[in-house]
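Asker: Structure provided below as structure tokens; questions to follow.
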Amino acid sequence: MGNKLEGKIAVITGGNSGIGLATAKRFVTEGAYVFITGRRQKQLDLAVSEIGKNVIGIQSDVSNLADIDKLYNTVKDEKNHIDIIFANAGIAQFAPLEKISEEHFVKIFSINVKGLLFTVQTLLPIFQEGGSIILNASIGSSKGIEESSVYSATKAAVRSFARTWTVDLRHRKIRVNAISPGPIDTPIFSNLTQNEEQSEQFKKNIVNTVPMRRMGNPDEVAKVVSFLASDDSSYITGIELFVDGGLAQI
Ligand code: NAD
């Protein structure tokens, strides 16, 4: 796998499950030291033991600014600098336009948009010149997916941040890119449906819209995040890299 992230310090929000966990594993294999966050301590501990080495888990709710400060303080105390941020934590909940409540709106924006912005802002003072920031958006940033108004709007905001921060941070030689996964087989789908059976049907329906006719697995996204985190992508900034089996491309 190579050591293309040798000696790098990385922060991955939502690193205890799905895409974040797969990325944490890959980063460590490629030589990085990784801080992962998540809300649930038990799941965080499990992830830390699965990753095995060069990892610290920090319980931190991305929608809570005091928790983001806690993350900053821990990373500062332990390593004093960061080379890579993968702003990945996010939730998906769907509702038809007629049924969108204020609670639905505030919850998804607080985690996917507010949390992502203040994570990056808070960590900036210890972020290395020449580092790489990767934001996890979604094909929802540019596709009209039924009943996904709020979720998709949060991801359009995330994609937009990659553009603005590319210029805001260029003086520090920091690259900022977004990734937009298509359907990736992670626990996120359990929130979109009532039970396992519905979830399987939901996935089947989506797979029929994917040119490659399958879901992606989390490591297929992790490989792309690792590319954007490493010097292999040294002349790439401001992009949205789709990892979607072709879904949003044709
Ligand atoms: P997941 O549910 O396995 O992981 C989500 C992660 O975010 C978990 O680690 C969870 O602890 C964390 N998280 C959620 N709310 C949080 C909060 N308030 N504070 C801190 N952490 C919080 O799902 P996943 O598919 O791995 O999702 C990761 C990201 O990928 C999300 O931003 C999601 O929108 C995006 N994404 C996923 C898919 C997909 O098909 N799975 C597609 C496009 C985009």
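By convention in this document, the chains of the structure tokens carry letters A, B, ... by their order, each chain's residues are numbered from 1, and ligands are numbered from 1 in the order they are shown.
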Please identify all polymer residues within 12 Å of Lys114 of chain A, counting only C-alpha atoms, omitting same-chain residues fewer than 2 positions from it, and present them as a VMD selection string.
Answerer: chain A and resid 61 to 65 68 87 89 to 90 106 to 112 116 to 122 154 to 155 157 to 158 161
Asker: Just want the 8 Å neighbourhood of Asp185 of chain A, counted on only C-alpha atoms, with same-chain residues fewer than 6 positions away dropped. Output as JSON, numbers by chain.
Answerer: {"A": [18, 215, 216, 217, 218]}
Asker: Nearest to ligand 1: which of A:Ile100, A:Ile9, A:Ala24, A:Ala95 is it, counting only C-alpha atoms and all ligand atoms?
Answerer: A:Ala24
Asker: Which residues come within 12 Å of Asp232 of chain A, counting only C-alpha atoms, excluding same-chain residues fewer than 3 positions away, as number ranges by chain?
Answerer: A: 3-5, 132, 223-229, 235-236
Asker: Using the selection just defined, write its residues with all heavy atoms as a CSV table (one decimal), in the first residue's frame.
Answerer:
```csv
chain,number,residue,atom,x,y,z
A,3,ASN,N,3.8,4.1,1.7
A,3,ASN,CA,3.8,4.9,2.9
A,3,ASN,C,3.6,6.4,2.6
A,3,ASN,O,4.3,7.2,3.0
A,3,ASN,CB,5.1,4.8,3.7
A,3,ASN,CG,5.1,3.5,4.5
A,3,ASN,OD1,4.1,2.8,4.5
A,3,ASN,ND2,6.2,3.2,5.1
A,4,LYS,N,2.6,6.6,1.7
A,4,LYS,CA,2.5,8.0,1.2
A,4,LYS,C,2.0,9.0,2.2
A,4,LYS,O,2.0,10.2,1.9
A,4,LYS,CB,1.6,8.0,-0.1
A,4,LYS,CG,0.2,7.5,0.0
A,4,LYS,CD,-0.4,7.6,-1.3
A,4,LYS,CE,-1.9,7.2,-1.3
A,4,LYS,NZ,-2.5,7.1,-2.6
A,5,LEU,N,1.5,8.6,3.4
A,5,LEU,CA,1.1,9.5,4.4
A,5,LEU,C,2.1,9.4,5.6
A,5,LEU,O,1.7,9.8,6.7
A,5,LEU,CB,-0.3,9.3,4.8
A,5,LEU,CG,-1.4,9.4,3.7
A,5,LEU,CD1,-2.8,9.1,4.3
A,5,LEU,CD2,-1.4,10.8,3.1
A,132,SER,N,-3.7,19.3,3.7
A,132,SER,CA,-4.8,19.0,2.8
A,132,SER,C,-6.1,18.8,3.6
A,132,SER,O,-6.1,18.1,4.6
A,132,SER,CB,-4.5,17.8,2.0
A,132,SER,OG,-5.6,17.4,1.2
A,223,LYS,N,-9.7,5.2,-0.4
A,223,LYS,CA,-8.6,5.3,-1.4
A,223,LYS,C,-8.5,6.7,-2.0
A,223,LYS,O,-7.5,7.2,-2.2
A,223,LYS,CB,-8.8,4.2,-2.5
A,223,LYS,CG,-8.4,2.8,-2.0
A,223,LYS,CD,-8.4,1.8,-3.2
A,223,LYS,CE,-9.7,1.3,-3.5
A,223,LYS,NZ,-9.7,0.2,-4.4
A,224,VAL,N,-9.7,7.2,-2.3
A,224,VAL,CA,-9.8,8.5,-3.0
A,224,VAL,C,-9.4,9.6,-2.0
A,224,VAL,O,-8.7,10.6,-2.3
A,224,VAL,CB,-11.2,8.7,-3.6
A,224,VAL,CG1,-11.4,10.1,-4.1
A,224,VAL,CG2,-11.4,7.7,-4.7
A,225,VAL,N,-9.9,9.5,-0.7
A,225,VAL,CA,-9.5,10.5,0.3
A,225,VAL,C,-8.0,10.5,0.5
A,225,VAL,O,-7.4,11.5,0.6
A,225,VAL,CB,-10.3,10.2,1.6
A,225,VAL,CG1,-9.9,11.2,2.7
A,225,VAL,CG2,-11.8,10.1,1.4
A,226,SER,N,-7.4,9.3,0.5
A,226,SER,CA,-6.0,9.2,0.7
A,226,SER,C,-5.2,9.8,-0.4
A,226,SER,O,-4.2,10.5,-0.2
A,226,SER,CB,-5.7,7.7,0.8
A,226,SER,OG,-4.3,7.5,0.7
A,227,PHE,N,-5.7,9.7,-1.6
A,227,PHE,CA,-5.1,10.4,-2.8
A,227,PHE,C,-5.2,11.9,-2.6
A,227,PHE,O,-4.1,12.6,-2.8
A,227,PHE,CB,-5.9,9.9,-4.1
A,227,PHE,CG,-5.6,10.8,-5.3
A,227,PHE,CD1,-4.4,10.8,-5.9
A,227,PHE,CD2,-6.6,11.7,-5.8
A,227,PHE,CE1,-4.2,11.6,-7.0
A,227,PHE,CE2,-6.4,12.5,-6.9
A,227,PHE,CZ,-5.2,12.4,-7.5
A,228,LEU,N,-6.3,12.4,-2.2
A,228,LEU,CA,-6.4,13.8,-2.0
A,228,LEU,C,-5.7,14.3,-0.8
A,228,LEU,O,-5.2,15.5,-0.8
A,228,LEU,CB,-7.9,14.2,-1.9
A,228,LEU,CG,-8.7,14.1,-3.2
A,228,LEU,CD1,-10.2,14.4,-2.9
A,228,LEU,CD2,-8.3,15.1,-4.3
A,229,ALA,N,-5.4,13.5,0.2
A,229,ALA,CA,-4.7,13.9,1.4
A,229,ALA,C,-3.2,13.9,1.1
A,229,ALA,O,-2.4,14.6,1.7
A,229,ALA,CB,-5.0,12.9,2.5
A,235,TYR,N,-1.3,19.2,-7.2
A,235,TYR,CA,-1.8,20.3,-8.0
A,235,TYR,C,-3.3,20.3,-8.2
A,235,TYR,O,-3.9,20.8,-9.1
A,235,TYR,CB,-1.1,20.3,-9.4
A,235,TYR,CG,-1.2,21.6,-10.2
A,235,TYR,CD1,-0.8,22.8,-9.6
A,235,TYR,CD2,-1.6,21.6,-11.5
A,235,TYR,CE1,-0.9,24.0,-10.3
A,235,TYR,CE2,-1.7,22.8,-12.3
A,235,TYR,CZ,-1.4,23.9,-11.7
A,235,TYR,OH,-1.4,25.1,-12.4
A,236,ILE,N,-4.0,19.7,-7.2
A,236,ILE,CA,-5.5,19.6,-7.2
A,236,ILE,C,-6.0,20.4,-6.0
A,236,ILE,O,-5.7,20.0,-4.9
A,236,ILE,CB,-5.9,18.1,-7.2
A,236,ILE,CG1,-5.4,17.4,-8.4
A,236,ILE,CG2,-7.5,18.1,-7.1
A,236,ILE,CD1,-5.8,15.9,-8.5
```
Asker: Using DSSP assignments from the backbone, pull out every residue in segment 40-248 of chain A that falls under strand (DSSP E or B) and give it to me as an NGL selection string.
Answerer: :A and (55-59 or 82-87 or 127-136 or 175-181 or 184 or 216 or 240-243)
Asker: Please give me, as JSON, numbers by chain, the residues lying within 7 Å of ligand 1 when counting only C-alpha atoms and all ligand atoms.
Answerer: {"A": [13, 14, 15, 16, 17, 18, 19, 20, 37, 38, 39, 40, 60, 61, 62, 63, 88, 89, 90, 91, 92, 111, 112, 136, 137, 138, 139, 180, 181, 182, 183, 184, 185, 186, 187, 188, 189]}
Asker: Between atom CA of Gly2 of chain A and atom CA of Tyr33 of chain A, measure the distance and give it in Å to one decimal.
Answerer: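 Computing it gives 15.0 Å between the two atoms.
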Asker: Could you go through segment 84-239 of chain A and tell me which residues DSSP, when run on the backbone, assigns to alpha helix (DSSP H), listing them as a PyMOL selection string?
Answerer: chain A and resi 102-109+116-123+149-168+196-207+218-229
Asker: Fewer than 6 positions away in the same chain doesn't count, so skip those; otherwise give me all residues within 10 Å of Arg214 of chain A, counting only C-alpha atoms, as a short mmCIF file (atom, residue, chain, number, x, y, z; two decimals) with N, CA, C and O atoms, in the first residue's frame.
Answerer:
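Generated output (result-v3.cif):
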```
data_model
loop_
_atom_site.label_atom_id
_atom_site.label_comp_id
_atom_site.auth_asym_id
_atom_site.auth_seq_id
_atom_site.Cartn_x
_atom_site.Cartn_y
_atom_site.Cartn_z
N PRO A 183 -23.93 5.86 -3.69
CA PRO A 183 -24.36 4.95 -2.61
C PRO A 183 -23.22 4.04 -2.13
O PRO A 183 -22.73 3.21 -2.90
N ILE A 184 -22.83 4.21 -0.90
CA ILE A 184 -21.75 3.42 -0.31
C ILE A 184 -22.37 2.60 0.83
O ILE A 184 -23.14 3.16 1.63
N ASP A 185 -22.03 1.34 0.90
CA ASP A 185 -22.66 0.44 1.87
C ASP A 185 -22.15 0.70 3.29
O ASP A 185 -21.13 0.16 3.69
N LYS A 203 -31.87 0.01 -1.01
CA LYS A 203 -30.55 -0.15 -1.64
C LYS A 203 -30.70 -0.74 -3.05
O LYS A 203 -30.03 -0.31 -3.98
N LYS A 204 -31.59 -1.75 -3.18
CA LYS A 204 -31.81 -2.39 -4.49
C LYS A 204 -32.26 -1.35 -5.52
O LYS A 204 -31.79 -1.32 -6.65
N ILE A 206 -31.73 1.85 -5.49
CA ILE A 206 -30.64 2.77 -5.84
C ILE A 206 -29.67 2.10 -6.81
O ILE A 206 -29.24 2.70 -7.79
N VAL A 207 -29.33 0.85 -6.50
CA VAL A 207 -28.35 0.14 -7.33
C VAL A 207 -28.78 0.12 -8.80
O VAL A 207 -27.95 0.22 -9.70
N ASN A 208 -30.08 0.05 -9.04
CA ASN A 208 -30.58 0.05 -10.41
C ASN A 208 -30.32 1.36 -11.14
O ASN A 208 -30.40 1.42 -12.36
N ASP A 244 -18.80 7.41 -7.35
CA ASP A 244 -20.23 7.11 -7.41
C ASP A 244 -20.62 6.04 -8.42
O ASP A 244 -21.81 5.94 -8.77
N GLY A 245 -19.64 5.25 -8.89
CA GLY A 245 -19.98 4.20 -9.87
C GLY A 245 -20.63 4.77 -11.12
O GLY A 245 -21.30 4.04 -11.86
#
```
Asker: Applying 8 Å and only C-alpha atoms, which residues near Ile84 of chain A remain after dropping the ones on its own chain fewer than 6 positions away? List them as a list of chain:residue names.
Answerer: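 Residues meeting the cut-off are A:Lys8, A:Ile9, A:Ala10, A:Val11, A:Phe127, A:Gly131, A:Ser132, A:Ile133, A:Ile134, A:Ala229.
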Asker: Could you write out the selected residues, including C-alpha atoms, as a PDB file, in the first residue's frame?
Answerer:
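Result went into out01.pdb, see below:
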```
ATOM      1  CA  LYS A   8       1.317  12.916   8.761  1.00  0.00           C
ATOM      2  CA  ILE A   9      -1.139  13.856  11.522  1.00  0.00           C
ATOM      3  CA  ALA A  10      -4.785  13.532  10.482  1.00  0.00           C
ATOM      4  CA  VAL A  11      -8.150  14.387  12.052  1.00  0.00           C
ATOM      5  CA  PHE A 127      -3.019  23.305  10.686  1.00  0.00           C
ATOM      6  CA  GLY A 131      -1.701  20.522   4.335  1.00  0.00           C
ATOM      7  CA  SER A 132      -4.809  19.039   2.763  1.00  0.00           C
ATOM      8  CA  ILE A 133      -8.461  19.386   3.772  1.00  0.00           C
ATOM      9  CA  ILE A 134     -11.036  16.979   2.363  1.00  0.00           C
ATOM     10  CA  ALA A 229      -4.669  13.850   1.355  1.00  0.00           C
TER      11      ALA A 229
END
```
Asker: If we count only C-alpha atoms and set the cut-off at 8 Å, which residues sit around Leu241 of chain A, ignoring sequence neighbours fewer than 4 positions away in its own chain? Please answer as an mmCIF file with N, CA and C atoms, in the first residue's frame.
Answerer:
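Full text of part.cif as output:
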```
data_model
loop_
_atom_site.group_PDB
_atom_site.id
_atom_site.type_symbol
_atom_site.label_atom_id
_atom_site.label_comp_id
_atom_site.auth_asym_id
_atom_site.auth_seq_id
_atom_site.Cartn_x
_atom_site.Cartn_y
_atom_site.Cartn_z
ATOM 1 N N ASN A 177 -10.467 20.178 -0.993
ATOM 2 C CA ASN A 177 -11.246 19.475 -2.012
ATOM 3 C C ASN A 177 -12.452 18.787 -1.380
ATOM 4 N N ALA A 178 -13.476 18.587 -2.202
ATOM 5 C CA ALA A 178 -14.647 17.827 -1.741
ATOM 6 C C ALA A 178 -14.662 16.473 -2.443
ATOM 7 N N ILE A 179 -15.167 15.468 -1.754
ATOM 8 C CA ILE A 179 -15.494 14.219 -2.430
ATOM 9 C C ILE A 179 -17.009 14.068 -2.403
ATOM 10 N N SER A 180 -17.542 13.448 -3.440
ATOM 11 C CA SER A 180 -18.977 13.197 -3.477
ATOM 12 C C SER A 180 -19.251 11.725 -3.748
#
```
Asker: Fewer than 5 positions away in the same chain doesn't count, so skip those; otherwise give me all residues within 8 Å of Ile56 of chain A, counting only C-alpha atoms, as a PyMOL selection string.
Answerer: chain A and resi 34-36+48
Asker: Store the residues picked out above, limited to N, CA, C and O atoms, as a PDB file, in the first residue's frame.
Answerer:
```pdb
ATOM      1  N   VAL A  34      -3.659   9.154  13.504  1.00  0.00           N
ATOM      2  CA  VAL A  34      -5.025   9.608  13.253  1.00  0.00           C
ATOM      3  C   VAL A  34      -5.802   9.889  14.544  1.00  0.00           C
ATOM      4  O   VAL A  34      -5.778   9.096  15.480  1.00  0.00           O
ATOM      5  N   PHE A  35      -6.479  11.036  14.569  1.00  0.00           N
ATOM      6  CA  PHE A  35      -7.454  11.340  15.622  1.00  0.00           C
ATOM      7  C   PHE A  35      -8.836  11.134  15.021  1.00  0.00           C
ATOM      8  O   PHE A  35      -9.151  11.740  13.989  1.00  0.00           O
ATOM      9  N   ILE A  36      -9.640  10.278  15.645  1.00  0.00           N
ATOM     10  CA  ILE A  36     -10.997  10.090  15.147  1.00  0.00           C
ATOM     11  C   ILE A  36     -12.003  10.606  16.178  1.00  0.00           C
ATOM     12  O   ILE A  36     -11.761  10.530  17.380  1.00  0.00           O
ATOM     13  N   VAL A  48     -11.246   2.301  17.742  1.00  0.00           N
ATOM     14  CA  VAL A  48      -9.839   2.469  18.111  1.00  0.00           C
ATOM     15  C   VAL A  48      -9.153   1.102  18.176  1.00  0.00           C
ATOM     16  O   VAL A  48      -8.052   0.919  17.652  1.00  0.00           O
TER      17      VAL A  48
END
```
